[in-house]
>>> print(open('input21.txt').read())   # compact mmCIF, C-alpha atoms and all ligand atoms
# COMPACT_ATOMS: atom_id res chain seq x y z
CA MET A 20 0.00 0.00 0.00
CA GLU A 21 1.53 3.30 -1.05
CA GLN A 22 1.69 6.09 1.48
CA LYS A 23 -1.18 8.57 1.46
CA ILE A 24 -0.44 12.27 1.16
CA ASP A 25 -2.91 14.03 3.41
CA PHE A 26 -4.00 17.56 2.43
CA ARG A 27 -7.37 17.41 4.24
CA SER A 28 -6.27 19.77 7.00
CA ASP A 29 -3.22 21.04 8.86
CA THR A 30 -4.70 19.34 11.93
CA VAL A 31 -3.61 15.87 10.76
CA THR A 32 0.06 16.25 11.77
CA LYS A 33 1.66 13.84 14.26
CA PRO A 34 4.15 15.03 16.90
CA THR A 35 7.79 14.87 15.76
CA ALA A 36 10.41 12.94 17.76
CA GLY A 37 11.70 16.23 19.19
CA MET A 38 8.23 17.27 20.22
CA LEU A 39 7.50 13.92 21.87
CA ASP A 40 10.76 14.21 23.74
CA ALA A 41 9.80 17.67 25.03
CA MET A 42 6.40 16.31 26.09
CA MET A 43 7.90 13.34 27.93
CA ASN A 44 10.25 15.60 29.85
CA ALA A 45 7.69 18.25 30.81
CA LYS A 46 7.41 19.29 34.45
CA VAL A 47 3.74 19.01 35.35
CA GLY A 48 1.34 19.67 38.20
CA ASP A 49 -2.38 20.11 38.70
CA ASP A 50 -3.27 23.05 36.46
CA VAL A 51 -6.75 23.43 37.95
CA TYR A 52 -4.88 24.23 41.21
CA GLY A 53 -2.64 26.54 39.14
CA GLU A 54 0.32 24.25 39.79
CA ASP A 55 1.43 23.20 36.29
CA GLU A 56 4.55 25.21 35.50
CA THR A 57 4.67 24.13 31.86
CA VAL A 58 1.11 25.31 31.18
CA HIS A 59 1.99 28.55 32.93
CA ALA A 60 5.14 28.89 30.82
CA LEU A 61 3.16 28.41 27.60
CA GLU A 62 0.51 30.95 28.59
CA THR A 63 3.16 33.48 29.63
CA LYS A 64 5.29 32.91 26.54
CA LEU A 65 2.43 33.64 24.13
CA ALA A 66 1.10 36.55 26.18
CA SER A 67 4.49 38.24 26.15
CA MET A 68 5.01 37.49 22.45
CA PHE A 69 1.76 39.34 21.68
CA GLN A 70 2.24 41.96 24.41
CA MET A 71 -0.98 40.97 26.13
CA GLU A 72 -1.41 40.63 29.86
CA ALA A 73 -2.40 36.98 30.19
CA GLY A 74 -3.09 33.67 28.47
CA LEU A 75 -5.28 30.60 29.01
CA PHE A 76 -4.54 27.13 27.64
CA CYS A 77 -7.68 25.36 26.38
CA PRO A 78 -8.38 22.01 24.71
CA SER A 79 -9.53 23.53 21.39
CA GLY A 80 -9.86 26.67 19.32
CA THR A 81 -13.61 26.33 19.48
CA MET A 82 -13.36 26.65 23.26
CA THR A 83 -11.02 29.68 23.18
CA ASN A 84 -13.28 31.45 20.66
CA GLN A 85 -16.48 30.62 22.50
CA ILE A 86 -15.07 31.71 25.86
CA ALA A 87 -13.88 34.99 24.33
CA ILE A 88 -17.31 35.67 22.81
CA LYS A 89 -18.94 34.94 26.17
CA CYS A 90 -16.52 37.32 27.92
CA PHE A 91 -17.20 40.12 25.44
CA THR A 92 -21.01 39.93 25.22
CA GLN A 93 -24.13 39.91 27.36
CA PRO A 94 -27.24 37.86 26.53
CA MET A 95 -29.31 39.55 23.74
CA ASP A 96 -26.22 41.30 22.30
CA GLU A 97 -25.17 40.96 18.67
CA VAL A 98 -21.83 39.80 17.26
CA ILE A 99 -20.55 41.01 13.89
CA CYS A 100 -18.50 38.60 11.80
CA ASP A 101 -18.03 37.48 8.20
CA GLN A 102 -20.51 34.94 6.85
CA THR A 103 -17.64 32.47 6.35
CA ALA A 104 -16.39 32.81 9.96
CA HIS A 105 -15.47 29.65 11.84
CA VAL A 106 -17.09 31.07 14.99
CA TYR A 107 -20.41 31.16 13.11
CA ARG A 108 -20.25 28.18 10.74
CA TYR A 109 -18.19 25.55 12.48
CA GLU A 110 -18.69 25.94 16.19
CA GLY A 111 -22.01 24.14 16.40
CA GLY A 112 -24.19 27.18 16.96
CA GLY A 113 -22.10 27.97 20.03
CA ILE A 114 -22.67 31.73 19.92
CA ALA A 115 -26.41 31.19 20.39
CA TYR A 116 -25.98 28.40 22.93
CA ASN A 117 -23.15 29.73 25.08
CA SER A 118 -23.65 33.48 24.82
CA LEU A 119 -27.37 33.84 23.99
CA ALA A 120 -26.29 36.37 21.37
CA SER A 121 -27.39 36.93 17.79
CA VAL A 122 -25.01 37.24 14.85
CA ARG A 123 -24.87 39.84 12.07
CA LEU A 124 -23.18 38.35 9.02
CA LEU A 125 -21.16 40.48 6.59
CA TYR A 126 -19.89 39.57 3.12
CA GLY A 127 -16.22 40.47 2.99
CA GLU A 128 -13.96 39.91 -0.02
CA ARG A 129 -12.38 36.53 0.80
CA GLY A 130 -13.73 37.04 4.32
CA ILE A 131 -11.88 40.31 5.00
CA LEU A 132 -13.95 42.83 6.99
CA THR A 133 -13.46 46.58 6.61
CA PRO A 134 -14.81 49.58 8.56
CA GLU A 135 -16.95 50.40 5.50
CA LEU A 136 -18.66 47.00 5.78
CA ILE A 137 -18.93 47.03 9.58
CA GLU A 138 -20.05 50.56 10.40
CA PRO A 139 -23.53 50.49 8.76
CA GLU A 140 -24.29 47.20 10.57
CA ILE A 141 -23.66 48.53 14.08
CA ASN A 142 -27.02 49.01 15.73
CA GLU A 143 -27.79 52.35 17.29
CA GLU A 144 -29.22 52.45 20.81
CA ASN A 145 -32.90 51.53 20.44
CA ILE A 146 -34.96 49.02 22.38
CA HIS A 147 -35.92 47.27 19.12
CA TYR A 148 -32.34 46.37 18.26
CA PRO A 149 -29.93 43.91 19.77
CA ARG A 150 -26.96 45.74 21.22
CA THR A 151 -23.89 45.37 19.00
CA SER A 152 -21.01 44.60 21.33
CA LEU A 153 -18.37 42.57 19.50
CA VAL A 154 -16.60 42.24 16.15
CA VAL A 155 -14.78 38.99 15.34
CA LEU A 156 -12.08 38.84 12.66
CA GLU A 157 -10.39 35.67 11.40
CA ASN A 158 -6.72 35.69 10.32
CA THR A 159 -5.88 33.89 8.16
CA VAL A 160 -9.36 33.49 6.69
CA ASN A 161 -9.93 29.77 6.32
CA LYS A 162 -12.79 29.99 3.80
CA GLY A 163 -10.95 32.84 2.06
CA GLY A 164 -8.21 30.40 1.05
CA GLY A 165 -5.81 31.37 3.84
CA LYS A 166 -6.17 35.11 3.09
CA CYS A 167 -4.23 37.49 5.37
CA TYR A 168 -5.25 40.86 6.78
CA THR A 169 -2.77 43.70 6.44
CA LEU A 170 -1.89 45.53 9.65
CA GLU A 171 -3.48 48.68 8.18
CA GLN A 172 -6.77 46.84 7.68
CA ILE A 173 -6.68 45.60 11.27
CA GLU A 174 -5.83 49.03 12.62
CA ALA A 175 -8.77 50.54 10.72
CA VAL A 176 -11.22 48.01 12.23
CA HIS A 177 -9.65 48.54 15.66
CA ASN A 178 -10.13 52.31 15.39
CA LEU A 179 -13.79 51.92 14.45
CA CYS A 180 -14.41 49.52 17.36
CA ASN A 181 -12.71 51.96 19.70
CA ILE A 182 -14.92 54.85 18.61
CA LYS A 183 -18.09 52.73 18.79
CA GLY A 184 -17.23 51.06 22.09
CA LEU A 185 -17.11 47.54 20.60
CA LYS A 186 -14.81 44.73 21.66
CA LEU A 187 -12.60 43.17 18.96
CA HIS A 188 -11.69 39.47 19.01
CA LEU A 189 -9.32 37.67 16.65
CA ASP A 190 -9.84 34.05 15.69
CA GLY A 191 -6.16 33.50 15.02
CA ALA A 192 -6.33 29.75 14.48
CA ARG A 193 -3.68 30.27 11.78
CA LEU A 194 -2.28 33.59 12.99
CA PHE A 195 1.33 32.37 12.75
CA ASN A 196 0.79 31.57 9.08
CA ALA A 197 -0.30 35.19 8.63
CA LEU A 198 2.67 36.56 10.61
CA VAL A 199 5.16 34.51 8.59
CA ALA A 200 3.51 35.46 5.26
CA THR A 201 3.26 39.20 5.99
CA GLY A 202 6.33 39.66 8.18
CA ASP A 203 4.17 41.54 10.69
CA LYS A 204 5.24 41.56 14.34
CA ALA A 205 3.22 39.60 16.88
CA ALA A 206 3.64 42.37 19.46
CA LEU A 207 1.59 44.80 17.37
CA TYR A 208 -1.41 42.46 17.39
CA GLY A 209 -1.88 42.65 21.13
CA HIS A 210 -2.48 46.36 20.83
CA PHE A 211 -5.32 45.98 18.34
CA PHE A 212 -7.38 43.18 19.89
CA ASP A 213 -9.18 42.61 23.19
CA GLY A 214 -8.88 38.85 22.71
CA ILE A 215 -6.80 36.58 20.49
CA SER A 216 -7.26 32.83 20.02
CA ILE A 217 -4.30 30.86 18.67
CA CYS A 218 -4.36 27.17 17.67
CA LEU A 219 -1.31 25.06 18.45
CA SER A 220 -2.79 22.04 16.68
CA LYS A 221 -2.93 23.49 13.16
CA GLY A 222 0.16 24.57 11.25
CA LEU A 223 2.29 24.59 14.39
CA GLY A 224 1.98 20.80 14.58
CA ALA A 225 1.12 20.24 18.26
CA PRO A 226 -1.34 17.41 18.96
CA VAL A 227 -3.85 19.37 21.08
CA GLY A 228 -4.65 22.82 22.28
CA SER A 229 -5.28 26.51 21.77
CA VAL A 230 -4.38 29.55 23.83
CA LEU A 231 -6.63 32.53 24.51
CA LEU A 232 -4.91 35.88 25.14
CA GLY A 233 -6.42 38.96 26.76
CA SER A 234 -6.28 41.29 29.73
CA ASN A 235 -5.75 39.95 33.26
CA GLU A 236 -9.39 40.67 34.06
CA MET A 237 -10.70 38.98 30.93
CA ILE A 238 -8.55 35.88 31.39
CA LYS A 239 -9.69 35.61 35.00
CA GLN A 240 -13.28 35.39 33.76
CA ALA A 241 -12.19 33.08 30.92
CA ARG A 242 -10.61 30.69 33.44
CA ARG A 243 -13.95 30.43 35.24
CA LEU A 244 -15.77 29.84 31.94
CA ARG A 245 -13.26 27.16 30.94
CA LYS A 246 -14.07 25.34 34.16
CA VAL A 247 -17.82 25.63 33.53
CA LEU A 248 -17.36 24.13 30.06
CA GLY A 249 -15.38 21.23 31.48
CA GLY A 250 -12.10 22.41 30.00
CA GLY A 251 -10.08 22.55 33.22
CA MET A 252 -7.25 20.05 32.66
CA ARG A 253 -4.99 18.58 35.32
CA GLN A 254 -1.42 17.57 34.28
CA ALA A 255 -1.86 19.42 30.99
CA GLY A 256 1.82 20.38 30.94
CA PHE A 257 2.53 17.36 28.75
CA LEU A 258 0.37 19.01 26.08
CA ALA A 259 1.57 22.55 26.79
CA ALA A 260 5.16 21.33 26.31
CA ALA A 261 4.25 20.37 22.74
CA GLY A 262 2.96 23.91 22.24
CA ILE A 263 6.15 25.48 23.58
CA TYR A 264 8.23 23.18 21.37
CA ALA A 265 6.08 24.15 18.35
CA LEU A 266 6.56 27.87 19.02
CA ASP A 267 10.32 27.36 19.26
CA HIS A 268 10.74 25.06 16.23
CA HIS A 269 7.75 25.18 13.89
CA VAL A 270 7.07 28.85 13.18
CA ASP A 271 9.74 29.82 10.63
CA ARG A 272 9.18 26.62 8.67
CA LEU A 273 5.61 27.70 7.86
CA ALA A 274 7.18 29.60 4.93
CA GLN A 275 7.86 26.21 3.39
CA ASP A 276 4.18 25.21 3.67
CA HIS A 277 3.30 28.48 1.92
CA GLN A 278 5.74 27.73 -0.93
CA HIS A 279 4.28 24.26 -1.24
CA ALA A 280 0.77 25.71 -1.52
CA LYS A 281 1.93 28.03 -4.33
CA ALA A 282 3.51 25.11 -6.17
CA LEU A 283 0.27 23.11 -5.94
CA ALA A 284 -1.75 26.12 -7.13
CA ASN A 285 0.53 26.52 -10.16
CA ALA A 286 0.07 22.87 -11.08
CA LEU A 287 -3.72 23.18 -10.75
CA GLU A 288 -3.80 26.26 -13.03
CA ASN A 289 -2.69 24.07 -15.93
CA VAL A 290 -5.18 21.20 -15.95
CA ASN A 291 -8.51 21.01 -17.76
CA TYR A 292 -10.60 19.73 -14.84
CA VAL A 293 -9.94 22.95 -12.89
CA GLU A 294 -11.95 26.10 -13.55
CA LYS A 295 -10.05 28.52 -11.32
CA VAL A 296 -7.61 28.56 -8.42
CA MET A 297 -7.79 31.09 -5.61
CA SER A 298 -4.30 32.54 -5.38
CA PRO A 299 -2.84 31.15 -2.12
CA GLU A 300 -1.23 33.51 0.39
CA THR A 301 -0.46 30.92 3.05
CA ASN A 302 -1.01 27.16 3.41
CA ILE A 303 -4.51 26.76 1.95
CA VAL A 304 -5.31 26.17 -1.72
CA LEU A 305 -8.94 26.51 -2.79
CA PHE A 306 -9.93 25.69 -6.36
CA ASP A 307 -13.15 25.26 -8.35
CA VAL A 308 -13.57 22.30 -10.66
CA ALA A 309 -14.63 22.81 -14.31
CA SER A 310 -18.38 22.95 -14.92
CA ARG A 311 -18.70 19.35 -16.19
CA TYR A 312 -17.30 17.91 -12.94
CA LYS A 313 -18.40 17.65 -9.34
CA ALA A 314 -15.86 18.43 -6.63
CA VAL A 315 -16.45 15.04 -4.98
CA GLU A 316 -15.57 13.26 -8.26
CA VAL A 317 -12.20 15.01 -8.42
CA VAL A 318 -11.62 14.31 -4.69
CA ARG A 319 -12.31 10.62 -5.37
CA ALA A 320 -9.99 10.51 -8.39
CA LEU A 321 -7.19 12.10 -6.34
CA GLY A 322 -7.96 9.65 -3.53
CA ARG A 323 -7.41 6.70 -5.84
CA LYS A 324 -3.88 8.07 -6.41
CA GLY A 325 -3.24 8.40 -2.67
CA ILE A 326 -3.89 12.16 -2.46
CA LEU A 327 -6.38 13.02 0.31
CA CYS A 328 -8.31 16.29 0.29
CA ASN A 329 -11.80 17.63 1.00
CA ALA A 330 -14.57 19.15 -1.10
CA THR A 331 -15.75 22.31 0.66
CA SER A 332 -18.76 22.85 -1.64
CA ALA A 333 -20.30 21.22 -4.73
CA LYS A 334 -17.62 22.85 -6.91
CA THR A 335 -14.77 23.71 -4.54
CA ILE A 336 -11.87 21.62 -3.23
CA ARG A 337 -9.43 22.53 -0.47
CA LEU A 338 -5.82 21.41 -0.09
CA VAL A 339 -3.94 22.34 3.08
CA THR A 340 -0.15 22.03 3.36
CA HIS A 341 1.55 21.33 6.68
CA LEU A 342 4.47 19.89 8.64
CA ASP A 343 3.84 16.31 7.52
CA VAL A 344 3.88 17.12 3.79
CA SER A 345 7.45 17.04 2.49
CA ALA A 346 8.89 18.64 -0.65
CA ALA A 347 9.05 15.16 -2.21
CA MET A 348 5.35 14.64 -1.51
CA ILE A 349 4.58 17.96 -3.20
CA GLU A 350 6.51 16.83 -6.30
CA GLN A 351 4.63 13.55 -6.31
CA THR A 352 1.30 15.37 -5.94
CA ILE A 353 2.11 17.75 -8.79
CA GLU A 354 2.81 14.73 -11.00
CA VAL A 355 -0.54 13.17 -10.05
CA ILE A 356 -2.37 16.47 -10.67
CA GLY A 357 -0.85 16.69 -14.17
CA LYS A 358 -1.83 13.16 -15.19
CA LEU A 359 -5.12 12.77 -13.32
CA GLU A 360 -8.05 11.19 -15.15
CA VAL A 361 -11.30 12.15 -13.46
C1 LIG B 401 -9.57 25.00 13.35
C2 LIG B 401 -10.11 26.35 13.52
C3 LIG B 401 -10.59 26.79 14.75
C4 LIG B 401 -10.61 25.92 16.01
O1 LIG B 401 -10.92 24.62 15.79
P1 LIG B 401 -10.77 23.47 16.90
O2 LIG B 401 -10.86 22.26 16.05
O3 LIG B 401 -11.90 23.62 17.83
O4 LIG B 401 -9.45 23.63 17.57
C5 LIG B 401 -11.06 28.07 14.85
N1 LIG B 401 -11.04 28.90 13.79
C6 LIG B 401 -10.58 28.53 12.59
C7 LIG B 401 -10.55 29.50 11.47
C8 LIG B 401 -10.10 27.24 12.41
O5 LIG B 401 -9.64 26.88 11.21
>>> encode(input="input21.txt", output="structure tokens")
Amino acid sequence: MEQKIDFRSDTVTKPTAGMLDAMMNAKVGDDVYGEDETVHALETKLASMFQMEAGLFCPSGTMTNQIAIKCFTQPMDEVICDQTAHVYRYEGGGIAYNSLASVRLLYGERGILTPELIEPEINEENIHYPRTSLVVLENTVNKGGGKCYTLEQIEAVHNLCNIKGLKLHLDGARLFNALVATGDKAALYGHFFDGISICLSKGLGAPVGSVLLGSNEMIKQARRLRKVLGGGMRQAGFLAAAGIYALDHHVDRLAQDHQHAKALANALENVNYVEKVMSPETNIVLFDVASRYKAVEVVRALGRKGILCNATSAKTIRLVTHLDVSAAMIEQTIEVIGKLEV
């Protein structure tokens, strides 16, 4: 059986030998008692990297996002986000369930929100309207094919939120991909957001976990909410150690994943079963199949050649590059793409 090449998501990576070693040697304690020094080190490391006051290690990015939304809203409030946002589409209706808030969906270009899009959707004070209290951005934009915000775009949204008294949260599941692609400094992000969620289990290659960053006061509330949701973990330092290792060893190499995505996109531009390829900025390639095909047919044909990927709509397919896809695998995939019979 030939080896599969797995482009379904950057969550499929397995810990490297170095990472496993770091995990095995972690100093741990009961983190619910605040006694796990490795969890504490991870939270502090990310907080200081982003110049935010505090961090909270959680089991998933869904939990960090949902806790942040709960911290930044009251029941009956309204949250503004893009219609493609993970917090809206892929968190199981959590905004309604956890925060009792409604959602106002905007239609950004590749999921990018601007003050021009946001401002008209902020409700004025009126008993008929839900109170707008929070804007959520996503960077990179997953459904936007790994699209990055510029720092100017973020600053503009931040300024509007400041004037209007809105909180601003960042779903930064793939924020390090954005930082590597744009060259922007992590420290500047802390200034623009009230909350930032970062996944360790995506491109960074850790097996489990996300970290929520915010003010001391917000993280204190978030810690309580994590407990309520059943996310208080005991000797979690074994997992936090993987996160620390990832931050030390797996950030710069994301540039390689981005190059790999570009190479795949180039190959896809030149075959007749592809209609168009969304130009990749980071590690996600989205492409539409030609009108006579269904996306699932092309996914199946690739699957028969050992290339795993997902259809994200009737016409669209997503390929995600990551730590466990080597340069040789990219070459092999490009060869398959060129010869594929659907
Ligand atoms: C993966 C992801 C998350 C968090 O997902 P979990 O599987 O809950 O860790 C949040 N936002 C985006 C954009 C994601 O891609």
>>> atom_distance(input="input21.txt", atom1="CA of Ala320 in chain A", atom2="CA of Glu350 in chain A")
17.8 Å
>>> atom_distance(input="input21.txt", atom1="CA of Leu125 in chain A", atom2="CA of Tyr148 in chain A")
17.2 Å
>>> residues_near_ligand(input="input21.txt", ligand="ligand LIG 401 (chain B)", cutoff="9 Å", atoms="all atoms listed in the file", output="number ranges by chain")
A: 28-30, 78-84, 104-106, 109-110, 157-162, 190-193, 216-221, 227-229
>>> write_last_selection(input="input21.txt", atoms="C-alpha atoms", output="PDB file, in the frame of the given file")
ATOM      1  CA  SER A  28      -6.270  19.770   7.000  1.00  0.00           C
ATOM      2  CA  ASP A  29      -3.220  21.040   8.860  1.00  0.00           C
ATOM      3  CA  THR A  30      -4.700  19.340  11.930  1.00  0.00           C
ATOM      4  CA  PRO A  78      -8.380  22.010  24.710  1.00  0.00           C
ATOM      5  CA  SER A  79      -9.530  23.530  21.390  1.00  0.00           C
ATOM      6  CA  GLY A  80      -9.860  26.670  19.320  1.00  0.00           C
ATOM      7  CA  THR A  81     -13.610  26.330  19.480  1.00  0.00           C
ATOM      8  CA  MET A  82     -13.360  26.650  23.260  1.00  0.00           C
ATOM      9  CA  THR A  83     -11.020  29.680  23.180  1.00  0.00           C
ATOM     10  CA  ASN A  84     -13.280  31.450  20.660  1.00  0.00           C
ATOM     11  CA  ALA A 104     -16.390  32.810   9.960  1.00  0.00           C
ATOM     12  CA  HIS A 105     -15.470  29.650  11.840  1.00  0.00           C
ATOM     13  CA  VAL A 106     -17.090  31.070  14.990  1.00  0.00           C
ATOM     14  CA  TYR A 109     -18.190  25.550  12.480  1.00  0.00           C
ATOM     15  CA  GLU A 110     -18.690  25.940  16.190  1.00  0.00           C
ATOM     16  CA  GLU A 157     -10.390  35.670  11.400  1.00  0.00           C
ATOM     17  CA  ASN A 158      -6.720  35.690  10.320  1.00  0.00           C
ATOM     18  CA  THR A 159      -5.880  33.890   8.160  1.00  0.00           C
ATOM     19  CA  VAL A 160      -9.360  33.490   6.690  1.00  0.00           C
ATOM     20  CA  ASN A 161      -9.930  29.770   6.320  1.00  0.00           C
ATOM     21  CA  LYS A 162     -12.790  29.990   3.800  1.00  0.00           C
ATOM     22  CA  ASP A 190      -9.840  34.050  15.690  1.00  0.00           C
ATOM     23  CA  GLY A 191      -6.160  33.500  15.020  1.00  0.00           C
ATOM     24  CA  ALA A 192      -6.330  29.750  14.480  1.00  0.00           C
ATOM     25  CA  ARG A 193      -3.680  30.270  11.780  1.00  0.00           C
ATOM     26  CA  SER A 216      -7.260  32.830  20.020  1.00  0.00           C
ATOM     27  CA  ILE A 217      -4.300  30.860  18.670  1.00  0.00           C
ATOM     28  CA  CYS A 218      -4.360  27.170  17.670  1.00  0.00           C
ATOM     29  CA  LEU A 219      -1.310  25.060  18.450  1.00  0.00           C
ATOM     30  CA  SER A 220      -2.790  22.040  16.680  1.00  0.00           C
ATOM     31  CA  LYS A 221      -2.930  23.490  13.160  1.00  0.00           C
ATOM     32  CA  VAL A 227      -3.850  19.370  21.080  1.00  0.00           C
ATOM     33  CA  GLY A 228      -4.650  22.820  22.280  1.00  0.00           C
ATOM     34  CA  SER A 229      -5.280  26.510  21.770  1.00  0.00           C
TER      35      SER A 229
END
>>> closest_residue(input="input21.txt", among="A:Ala260, A:Ile303, A:Ala36, A:Leu283", to="Val355 in chain A", atoms="all atoms listed in the file")
A:Leu283
>>> residues_around(input="input21.txt", residues="Met237 in chain A", least_positions_apart="4", cutoff="9 Å", atoms="all atoms listed in the file", output="VMD selection string")
chain A and resid 73 87 90 to 91 213 to 214 232 to 233 241 to 242
>>> closest_residue(input="input21.txt", among="A:Val293, A:Cys180, A:Leu359, A:Ala225", to="Gly322 in chain A", atoms="all atoms listed in the file")
A:Leu359
>>> atom_distance(input="input21.txt", atom1="CA of Ala66 in chain A", atom2="CA of Leu187 in chain A")
16.8 Å
>>> axis_aligned_box(input="input21.txt", around="range 33-49 of chain A", padding_each_side="5 Å", output="AutoDock Vina command-line options")
--center_x 4.7 --center_y 16.5 --center_z 26.5 --size_x 24.1 --size_y 17.2 --size_z 34.4
>>> closest_residue(input="input21.txt", among="A:Ala175, A:Gly112, A:Arg253, A:Ala333", to="Glu56 in chain A", atoms="only C-alpha atoms")
A:Arg253
>>> residues_around(input="input21.txt", residues="Tyr292 in chain A", least_positions_apart="4", cutoff="10 Å", atoms="all atoms listed in the file", output="VMD selection string")
chain A and resid 287 to 288 307 to 314 317 356 359 to 361
>>> closest_residue(input="input21.txt", among="A:Lys46, A:Arg337, A:His279, A:Lys186", to="Gln93 in chain A", atoms="only C-alpha atoms")
A:Lys186
>>> closest_residue(input="input21.txt", among="A:Gly325, A:Pro94, A:Gly262, A:Pro299", to="Leu338 in chain A", atoms="all atoms listed in the file")
A:Pro299
>>> residues_around(input="input21.txt", residues="Lys281 in chain A", least_positions_apart="5", cutoff="12 Å", atoms="all atoms listed in the file", output="PDB file with C-alpha atoms, in the frame of the given file")
ATOM      1  CA  GLY A 164      -8.210  30.400   1.050  1.00  0.00           C
ATOM      2  CA  GLY A 165      -5.810  31.370   3.840  1.00  0.00           C
ATOM      3  CA  ALA A 274       7.180  29.600   4.930  1.00  0.00           C
ATOM      4  CA  GLN A 275       7.860  26.210   3.390  1.00  0.00           C
ATOM      5  CA  ASP A 276       4.180  25.210   3.670  1.00  0.00           C
ATOM      6  CA  ALA A 286       0.070  22.870 -11.080  1.00  0.00           C
ATOM      7  CA  LEU A 287      -3.720  23.180 -10.750  1.00  0.00           C
ATOM      8  CA  GLU A 288      -3.800  26.260 -13.030  1.00  0.00           C
ATOM      9  CA  VAL A 296      -7.610  28.560  -8.420  1.00  0.00           C
ATOM     10  CA  MET A 297      -7.790  31.090  -5.610  1.00  0.00           C
ATOM     11  CA  SER A 298      -4.300  32.540  -5.380  1.00  0.00           C
ATOM     12  CA  PRO A 299      -2.840  31.150  -2.120  1.00  0.00           C
ATOM     13  CA  GLU A 300      -1.230  33.510   0.390  1.00  0.00           C
ATOM     14  CA  THR A 301      -0.460  30.920   3.050  1.00  0.00           C
ATOM     15  CA  ASN A 302      -1.010  27.160   3.410  1.00  0.00           C
ATOM     16  CA  ILE A 303      -4.510  26.760   1.950  1.00  0.00           C
ATOM     17  CA  VAL A 304      -5.310  26.170  -1.720  1.00  0.00           C
ATOM     18  CA  LEU A 305      -8.940  26.510  -2.790  1.00  0.00           C
ATOM     19  CA  LEU A 338      -5.820  21.410  -0.090  1.00  0.00           C
ATOM     20  CA  VAL A 339      -3.940  22.340   3.080  1.00  0.00           C
ATOM     21  CA  THR A 340      -0.150  22.030   3.360  1.00  0.00           C
ATOM     22  CA  ILE A 349       4.580  17.960  -3.200  1.00  0.00           C
ATOM     23  CA  ILE A 353       2.110  17.750  -8.790  1.00  0.00           C
TER      24      ILE A 353
END
>>> closest_residue(input="input21.txt", among="A:Glu54, A:Gly250, A:Ile146, A:Leu170", to="Ala206 in chain A", atoms="only C-alpha atoms")
A:Leu170
>>> closest_atom_pairs(input="input21.txt", of="range 30-121 of chain A", to="range 132-144 of chain A", cutoff="8 Å", atoms="only C-alpha atoms", output="JSON lines")
{"residue": "A:Ile99", "atom": "CA", "partner": "A:Ile137", "partner_atom": "CA", "distance": 7.6}
{"residue": "A:Cys100", "atom": "CA", "partner": "A:Leu132", "partner_atom": "CA", "distance": 7.9}
{"residue": "A:Asp101", "atom": "CA", "partner": "A:Leu132", "partner_atom": "CA", "distance": 6.8}
